[in-house]
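Dropping input29.cif in here (mmCIF, C-alpha atoms and all ligand atoms):
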data_coords
loop_
_atom_site.label_atom_id
_atom_site.label_comp_id
_atom_site.auth_asym_id
_atom_site.auth_seq_id
_atom_site.Cartn_x
_atom_site.Cartn_y
_atom_site.Cartn_z
CA MET A 484 -53.02 -142.36 13.18
CA HIS A 485 -51.21 -140.66 10.28
CA ASP A 486 -48.81 -137.81 9.47
CA ALA A 487 -50.50 -135.17 11.60
CA GLU A 488 -50.17 -137.26 14.69
CA ALA A 489 -46.55 -138.19 13.96
CA GLU A 490 -45.77 -134.48 13.78
CA ASP A 491 -47.75 -133.83 16.91
CA THR A 492 -45.50 -136.06 18.96
CA GLN A 493 -42.70 -133.62 18.14
CA ALA A 494 -44.57 -130.55 19.33
CA ILE A 495 -43.27 -128.96 22.50
CA ARG A 496 -45.60 -129.37 25.44
CA THR A 497 -46.11 -127.94 28.88
CA GLY A 498 -47.93 -130.71 30.66
CA ALA A 499 -50.55 -131.77 28.17
CA ILE A 500 -50.79 -128.41 26.38
CA LYS A 501 -48.92 -128.06 23.09
CA LEU A 502 -46.85 -124.97 22.35
CA HIS A 503 -46.90 -124.27 18.63
CA ARG A 504 -44.25 -122.63 16.44
CA SER A 505 -44.60 -119.53 14.30
CA GLU A 506 -45.19 -121.55 11.11
CA ASP A 507 -48.08 -123.26 12.88
CA PHE A 508 -49.71 -119.83 13.34
CA GLU A 509 -49.72 -119.55 9.54
CA GLY A 510 -51.60 -122.87 9.32
CA MET A 511 -54.20 -121.67 11.83
CA ARG A 512 -54.62 -118.35 10.02
CA LYS A 513 -55.63 -120.16 6.85
CA ALA A 514 -57.99 -122.59 8.58
CA GLY A 515 -59.52 -119.90 10.78
CA ARG A 516 -60.06 -117.59 7.84
CA LEU A 517 -61.91 -120.23 5.83
CA ALA A 518 -64.18 -121.12 8.77
CA ALA A 519 -64.99 -117.43 9.20
CA GLN A 520 -65.63 -117.03 5.47
CA CYS A 521 -68.06 -119.93 5.65
CA LEU A 522 -70.01 -118.11 8.40
CA ASP A 523 -69.86 -114.90 6.31
CA MET A 524 -71.27 -116.77 3.30
CA LEU A 525 -74.22 -117.99 5.37
CA CYS A 526 -75.31 -114.49 6.48
CA GLU A 527 -77.46 -113.74 3.46
CA HIS A 528 -79.08 -117.19 3.52
CA VAL A 529 -80.39 -117.12 7.09
CA ARG A 530 -84.05 -116.06 7.01
CA PRO A 531 -87.49 -117.36 7.97
CA GLY A 532 -88.55 -120.33 5.80
CA VAL A 533 -85.03 -121.68 5.29
CA SER A 534 -84.33 -125.14 6.75
CA THR A 535 -81.23 -125.68 8.81
CA GLN A 536 -80.25 -128.61 6.54
CA ALA A 537 -80.26 -126.24 3.55
CA LEU A 538 -77.74 -124.06 5.43
CA ASP A 539 -75.70 -127.17 6.20
CA LYS A 540 -75.60 -128.11 2.51
CA LEU A 541 -74.35 -124.62 1.61
CA ALA A 542 -71.56 -124.94 4.16
CA TYR A 543 -70.66 -128.45 2.98
CA ASP A 544 -70.34 -127.32 -0.66
CA PHE A 545 -68.44 -124.18 0.37
CA THR A 546 -65.93 -126.20 2.38
CA LEU A 547 -65.26 -128.74 -0.38
CA ASP A 548 -65.14 -126.01 -3.06
CA HIS A 549 -62.29 -124.44 -1.08
CA GLY A 550 -60.35 -127.70 -0.88
CA ALA A 551 -61.02 -128.11 2.85
CA ILE A 552 -62.55 -130.86 4.99
CA PRO A 553 -65.66 -130.44 7.20
CA ALA A 554 -64.19 -131.50 10.56
CA CYS A 555 -67.51 -132.50 12.14
CA ILE A 556 -68.43 -135.15 9.54
CA GLY A 557 -67.40 -138.46 11.05
CA TYR A 558 -66.43 -136.84 14.35
CA ARG A 559 -67.76 -139.24 17.02
CA GLY A 560 -70.38 -140.35 14.52
CA TYR A 561 -71.68 -136.84 13.74
CA ARG A 562 -72.87 -136.59 10.12
CA HIS A 563 -73.13 -132.87 9.33
CA THR A 564 -70.88 -129.94 8.44
CA LEU A 565 -72.44 -127.49 10.89
CA CYS A 566 -74.01 -127.47 14.30
CA ILE A 567 -77.08 -125.21 14.18
CA SER A 568 -78.59 -124.36 17.55
CA PRO A 569 -81.78 -122.26 17.56
CA ASN A 570 -83.43 -120.53 20.52
CA HIS A 571 -83.18 -122.74 23.64
CA VAL A 572 -80.70 -125.13 22.01
CA ILE A 573 -77.37 -124.42 23.69
CA CYS A 574 -75.06 -126.24 21.26
CA HIS A 575 -74.64 -129.27 18.97
CA GLY A 576 -78.04 -128.75 17.29
CA ILE A 577 -78.36 -131.11 14.31
CA PRO A 578 -79.31 -129.59 10.94
CA GLY A 579 -82.70 -130.86 9.76
CA PRO A 580 -85.79 -130.17 7.64
CA LYS A 581 -87.44 -127.75 10.08
CA ALA A 582 -87.72 -124.21 8.70
CA LEU A 583 -86.62 -121.14 10.65
CA LYS A 584 -89.41 -118.85 11.88
CA ASN A 585 -89.58 -115.08 12.21
CA GLY A 586 -87.95 -114.10 15.51
CA ASP A 587 -85.74 -117.18 15.85
CA ILE A 588 -82.17 -116.69 16.97
CA LEU A 589 -79.61 -119.33 16.10
CA ASN A 590 -75.98 -120.21 16.56
CA ILE A 591 -74.13 -121.63 13.59
CA ASP A 592 -70.85 -123.40 14.35
CA ALA A 593 -68.41 -124.36 11.57
CA THR A 594 -65.14 -126.26 11.85
CA VAL A 595 -62.98 -126.82 8.77
CA ILE A 596 -59.64 -128.55 8.30
CA VAL A 597 -57.14 -126.81 6.00
CA ASP A 598 -53.76 -128.49 5.46
CA GLY A 599 -54.39 -130.45 8.66
CA TRP A 600 -55.21 -127.40 10.82
CA HIS A 601 -58.62 -126.85 12.46
CA GLY A 602 -60.50 -123.55 12.26
CA ASP A 603 -63.47 -123.56 14.66
CA THR A 604 -65.84 -120.62 15.00
CA SER A 605 -69.48 -119.81 15.66
CA ARG A 606 -71.79 -116.80 15.60
CA MET A 607 -75.38 -115.94 16.33
CA TYR A 608 -77.80 -115.08 13.51
CA PHE A 609 -81.31 -113.56 13.38
CA ALA A 610 -84.16 -115.04 11.36
CA GLY A 611 -86.37 -112.02 10.81
CA GLU A 612 -86.79 -109.74 13.81
CA PRO A 613 -86.07 -111.24 17.22
CA LYS A 614 -87.40 -109.75 20.46
CA VAL A 615 -85.40 -107.16 22.39
CA LYS A 616 -84.58 -109.66 25.14
CA ALA A 617 -83.07 -112.12 22.64
CA ARG A 618 -80.99 -109.32 21.12
CA ARG A 619 -79.75 -108.30 24.56
CA LEU A 620 -78.70 -111.90 25.33
CA ILE A 621 -76.81 -112.06 22.02
CA GLU A 622 -75.11 -108.71 22.62
CA THR A 623 -74.02 -109.77 26.12
CA THR A 624 -72.72 -113.13 24.85
CA PHE A 625 -70.66 -111.39 22.17
CA GLU A 626 -69.23 -109.09 24.85
CA CYS A 627 -68.48 -112.11 27.05
CA LEU A 628 -66.43 -113.72 24.26
CA TRP A 629 -64.43 -110.53 23.81
CA LYS A 630 -63.93 -109.92 27.52
CA GLY A 631 -62.46 -113.43 27.62
CA ILE A 632 -60.23 -112.81 24.59
CA ASP A 633 -58.99 -109.49 25.96
CA VAL A 634 -57.55 -111.27 29.00
CA VAL A 635 -55.37 -113.60 26.90
CA LYS A 636 -51.62 -113.02 27.13
CA PRO A 637 -48.64 -114.93 28.54
CA GLY A 638 -48.88 -115.11 32.33
CA ALA A 639 -52.67 -114.75 32.50
CA THR A 640 -54.51 -117.91 33.53
CA LEU A 641 -57.42 -119.96 32.24
CA ARG A 642 -59.28 -118.87 35.38
CA ASP A 643 -58.79 -115.21 34.43
CA ILE A 644 -60.60 -115.91 31.14
CA GLY A 645 -63.46 -117.62 32.96
CA ARG A 646 -63.71 -114.82 35.49
CA ALA A 647 -64.01 -112.11 32.83
CA ILE A 648 -66.82 -114.03 31.12
CA GLN A 649 -68.73 -115.05 34.23
CA THR A 650 -68.59 -111.61 35.80
CA HIS A 651 -70.05 -109.95 32.72
CA ALA A 652 -72.76 -112.57 32.10
CA GLU A 653 -73.94 -112.53 35.71
CA THR A 654 -73.84 -108.74 35.98
CA GLN A 655 -76.30 -108.69 33.08
CA GLY A 656 -78.55 -111.22 34.85
CA PHE A 657 -77.65 -114.21 32.68
CA SER A 658 -75.93 -117.51 33.51
CA VAL A 659 -72.87 -119.33 32.16
CA VAL A 660 -73.27 -122.90 30.90
CA ARG A 661 -70.80 -125.15 32.72
CA ASP A 662 -71.26 -128.47 30.97
CA PHE A 663 -69.46 -127.44 27.76
CA CYS A 664 -66.22 -125.57 27.38
CA GLY A 665 -63.67 -124.24 24.92
CA HIS A 666 -60.74 -126.46 24.02
CA GLY A 667 -57.24 -126.65 22.72
CA LEU A 668 -57.06 -127.21 18.96
CA GLY A 669 -54.60 -127.27 16.10
CA ARG A 670 -53.89 -130.46 14.19
CA VAL A 671 -56.27 -132.02 16.72
CA PHE A 672 -59.93 -130.85 16.88
CA HIS A 673 -60.46 -131.11 20.65
CA ASP A 674 -57.26 -131.08 22.68
CA ALA A 675 -56.03 -129.95 26.11
CA PRO A 676 -56.72 -127.58 27.78
CA ASN A 677 -60.41 -127.36 28.67
CA VAL A 678 -61.29 -123.67 28.60
CA VAL A 679 -64.18 -123.24 31.01
CA HIS A 680 -66.20 -120.03 30.88
CA TYR A 681 -66.48 -119.52 34.65
CA ALA A 682 -64.00 -118.85 37.43
CA GLU A 683 -65.91 -120.60 40.18
CA TYR A 684 -69.36 -121.90 41.07
CA LYS A 685 -70.95 -124.05 43.73
CA ASP A 686 -72.28 -127.39 42.57
CA LYS A 687 -75.16 -128.93 44.54
CA TYR A 688 -73.45 -132.33 44.69
CA SER A 689 -69.71 -131.81 44.23
CA GLY A 690 -69.25 -128.50 46.05
CA VAL A 691 -67.14 -125.58 44.83
CA GLN A 692 -65.85 -125.97 41.29
CA ARG A 693 -62.91 -123.76 40.34
CA ALA A 694 -61.37 -123.18 36.93
CA PRO A 695 -57.71 -124.30 36.78
CA ASP A 696 -55.11 -121.58 37.32
CA THR A 697 -53.06 -122.86 34.36
CA GLU A 698 -50.80 -120.14 32.99
CA LEU A 699 -51.06 -119.19 29.34
CA LYS A 700 -47.88 -119.43 27.27
CA PRO A 701 -46.94 -118.28 23.77
CA GLY A 702 -47.85 -120.90 21.18
CA MET A 703 -50.96 -122.26 22.91
CA PHE A 704 -53.94 -122.55 20.54
CA PHE A 705 -57.47 -122.83 21.92
CA THR A 706 -61.06 -121.71 21.49
CA ILE A 707 -63.15 -119.49 23.71
CA GLU A 708 -66.84 -120.22 23.13
CA PRO A 709 -69.10 -119.06 25.96
CA MET A 710 -72.67 -120.36 26.04
CA ILE A 711 -74.84 -117.93 27.99
CA ASN A 712 -78.42 -118.68 29.10
CA GLU A 713 -81.23 -116.26 29.77
CA GLY A 714 -82.34 -118.46 32.69
CA ARG A 715 -80.68 -121.28 34.61
CA PRO A 716 -77.37 -122.77 33.42
CA ASP A 717 -78.58 -126.38 33.52
CA VAL A 718 -78.31 -128.50 30.40
CA LYS A 719 -80.21 -131.49 29.05
CA VAL A 720 -78.95 -133.58 26.12
CA MET A 721 -81.76 -134.92 23.90
CA LYS A 722 -82.21 -138.59 22.93
CA ASP A 723 -80.34 -138.01 19.66
CA GLY A 724 -77.20 -137.88 21.82
CA TRP A 725 -76.16 -134.44 20.53
CA THR A 726 -78.73 -131.65 20.89
CA ALA A 727 -78.07 -129.82 24.17
CA VAL A 728 -80.92 -127.63 25.42
CA SER A 729 -81.44 -125.43 28.44
CA ARG A 730 -83.43 -127.45 30.99
CA ASP A 731 -85.70 -124.50 31.70
CA LYS A 732 -86.21 -123.91 27.93
CA SER A 733 -84.81 -120.39 28.24
CA LEU A 734 -82.94 -118.85 25.31
CA SER A 735 -79.24 -119.55 24.93
CA ALA A 736 -76.57 -117.80 22.87
CA GLN A 737 -72.95 -118.53 21.92
CA PHE A 738 -70.04 -117.05 19.99
CA GLU A 739 -66.74 -118.83 19.35
CA HIS A 740 -63.27 -117.86 18.13
CA SER A 741 -60.11 -119.90 17.63
CA LEU A 742 -57.00 -118.07 18.85
CA GLY A 743 -53.32 -118.33 19.59
CA VAL A 744 -51.32 -116.90 22.49
CA THR A 745 -48.53 -114.65 21.14
CA GLU A 746 -45.39 -113.28 22.87
CA ASP A 747 -47.34 -110.27 24.14
CA GLY A 748 -51.03 -111.04 23.72
CA VAL A 749 -53.39 -112.89 21.45
CA GLU A 750 -54.07 -113.51 17.77
CA VAL A 751 -57.65 -114.32 16.79
CA PHE A 752 -57.69 -116.66 13.79
CA THR A 753 -61.41 -116.57 13.02
CA GLY A 754 -62.34 -112.89 12.75
CA SER A 755 -64.85 -112.18 9.97
CA PRO A 756 -63.05 -110.98 6.82
CA LYS A 757 -66.23 -109.04 5.96
CA GLY A 758 -66.74 -107.54 9.41
CA LEU A 759 -69.87 -109.68 9.94
CA ASP A 760 -68.95 -110.56 13.52
CA LYS A 761 -72.39 -110.19 15.09
CA PRO A 762 -75.98 -109.68 13.97
CA PRO A 763 -77.80 -107.86 12.49
CA TYR A 764 -75.72 -108.55 9.37
CA ASP A 765 -75.67 -105.93 6.70
CA GLY A 766 -77.21 -107.48 3.60
CA GLN A 767 -78.78 -110.37 5.52
CA HIS A 768 -82.13 -111.09 3.83
CA ASN A 769 -83.62 -111.81 7.18
CA LYS A 770 -87.15 -110.63 6.56
N1 LIG B 801 -67.56 -127.03 16.75
C1 LIG B 801 -67.90 -127.61 18.01
C2 LIG B 801 -66.98 -127.00 19.02
O1 LIG B 801 -66.99 -125.82 19.14
C3 LIG B 801 -67.81 -129.10 18.04
C4 LIG B 801 -68.84 -129.78 17.25
S1 LIG B 801 -68.57 -131.45 17.33
C5 LIG B 801 -69.80 -132.06 16.41
O2 LIG B 801 -66.15 -127.59 19.64
F1 LIG B 801 -69.51 -133.26 16.19
F2 LIG B 801 -70.94 -131.89 17.05
F3 LIG B 801 -69.91 -131.41 15.29
CO CO B 802 -64.98 -125.37 19.58
CO CO B 803 -67.26 -124.83 17.27
#

Starting from the file, lay out its structure as structure tokens.
Amino acid sequence: MHDAEAEDTQAIRTGAIKLHRSEDFEGMRKAGRLAAQCLDMLCEHVRPGVSTQALDKLAYDFTLDHGAIPACIGYRGYRHTLCISPNHVICHGIPGPKALKNGDILNIDATVIVDGWHGDTSRMYFAGEPKVKARRLIETTFECLWKGIDVVKPGATLRDIGRAIQTHAETQGFSVVRDFCGHGLGRVFHDAPNVVHYAEYKDKYSGVQRAPDTELKPGMFFTIEPMINEGRPDVKVMKDGWTAVSRDKSLSAQFEHSLGVTEDGVEVFTGSPKGLDKPPYDGQHNK
């Protein structure tokens, strides 16, 4: 379409997966940092009584004030800066006028474009005081993300990432959502590869589904963003075409980081500069 794509055609690829250069890591550091700062900024604003569209407006202003572009606006017709997914919403919740209630849990997902690079990250937040079970789901989901990240190094496979996540989620009695996955990113928002959060499962209709055994190589950029349900993994997308909920209405949680494969491991681009990586957030006015 424009410059970014022209440059992309020059990127080295293995199959469909781009291998980025060291200066590209610098681009992702900047974009990832701003996305994480946006989520940091929101911490003190998430509380009962606040509407999700008010949070979206804060993120929109924050992004523009920092000279960046909200990647989701205009993406496949989406019209908001954030996806905000409370309680049984798995992902792609649309910000709106409804106020948060005491005990709600919510995922907030921000993607910004800085100098053409995409930083994509999400975290869970508390509105007030959620129940113990909701907290345990959130804790496990956070651990799932990190068990996936800890696997990442050259020679490991996409299936190894999925296995680490699935094993932990299922050991804790939860299920891994299969209908959405992580993705390559960089100058492109959603690129190859698909990063599924399971190693293997049996589908009622199509039989055994296995994650690809694609080997990770230095210079690959992708997200890991496990969605973990308290109940069944099955998803329903609402009539708005976006909001994905758990079919059994059970709670769902998600965390997401953008990362790059290095020569000997992994670099996470979207760590919280303030250490606000999971709730409860110090200084969050969540009462
Ligand atoms: N940030 C989401 C992801 O993790 C994508 C949101 S696309 C949108 O990939 F259009 F719904 F915003
Ligand atoms: Co993503
Ligand atoms: Co995201």

Checklist entry - Pick from A:Leu565, A:Val728, A:Ala736, A:Ile552: nearest to Leu525 in chain A, with only C-alpha atoms counted? => result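 Answer, going by the shortest atom-to-atom distance: A:Leu565.
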
Checklist entry - Skipping near chain neighbours, those fewer than 4 positions away, what residues fall within 12 Å of Arg619 in chain A using all atoms listed in the file, listed as a list in words? => result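 Contacts, in chain order: Ile588, Pro613, Lys614, Val615, Thr623, Thr624, Phe625, Glu626, Ala652, Gln655, Gly656, Phe657, Ile711, Asn712, Glu713, Leu734, Ser735, Ala736 and Pro762 of chain A.
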
Checklist entry - Once you count all atoms listed in the file, which residues end up no further than 10 Å from (-68.9, -112.1, 32.8) in the file's frame, shown as a PyMOL selection string? => result chain A and resi 623-624+626-628+630-631+644-659+680-682+709+711

Checklist entry - So which residues touch Glu750 in chain A within 10 Å, counting all atoms listed in the file, skipping near sequence neighbours fewer than 4 positions away, as a PyMOL selection string? => result chain A and resi 508+512+632+635-636+704+741-745+754

Those same residues - C-alpha atoms - I'd like them written as a compact mmCIF listing (two decimals), in the frame of the given file.
# COMPACT_ATOMS: atom_id res chain seq x y z
CA PHE A 508 -49.71 -119.83 13.34
CA ARG A 512 -54.62 -118.35 10.02
CA ILE A 632 -60.23 -112.81 24.59
CA VAL A 635 -55.37 -113.60 26.90
CA LYS A 636 -51.62 -113.02 27.13
CA PHE A 704 -53.94 -122.55 20.54
CA SER A 741 -60.11 -119.90 17.63
CA LEU A 742 -57.00 -118.07 18.85
CA GLY A 743 -53.32 -118.33 19.59
CA VAL A 744 -51.32 -116.90 22.49
CA THR A 745 -48.53 -114.65 21.14
CA GLY A 754 -62.34 -112.89 12.75

Item to check | Residue contacts of Val718 in chain A (10 Å, only C-alpha atoms) excluding same-chain residues fewer than 5 positions away, as a ChimeraX atom specification | outcome: /A:572-574,660-663,712,727-732

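Of the listed residues (A:Ser689, A:Thr564, A:Asn590, A:Ser505), A:Asn590 comes nearest to Phe738 in chain A; the distances count only C-alpha atoms.
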
Checklist entry - With distances taken over only C-alpha atoms and all ligand atoms, which of A:Ile591, A:Val533, A:Met703, A:Val720 is nearest to ligand CO 802 (chain B)? => result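 Selected residue with least distance to ligand CO 802 (chain B): A:Ile591.
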
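Nearest residue to Leu583 in chain A, choosing from A:Glu698, A:Asp633, A:Glu612, A:Glu739 and counting all atoms listed in the file: A:Glu612.
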
Next on the checklist: Any residue with an atom at most 10 Å from ligand LIG 801 (chain B) counts, using all atoms listed in the file. Which are they? Put them as a PyMOL selection string.
Outcome noted: chain A and resi 553-567+574-577+591-595+601-605+663-668+672-673+706-709+724-726+737-741

Checklist entry - When you draw a straight line from CA of Asp523 in chain A to CA of Asp760 in chain A, how long is it in Å? => result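 Between CA of Asp523 in chain A and CA of Asp760 in chain A the gap is 8.5 Å.
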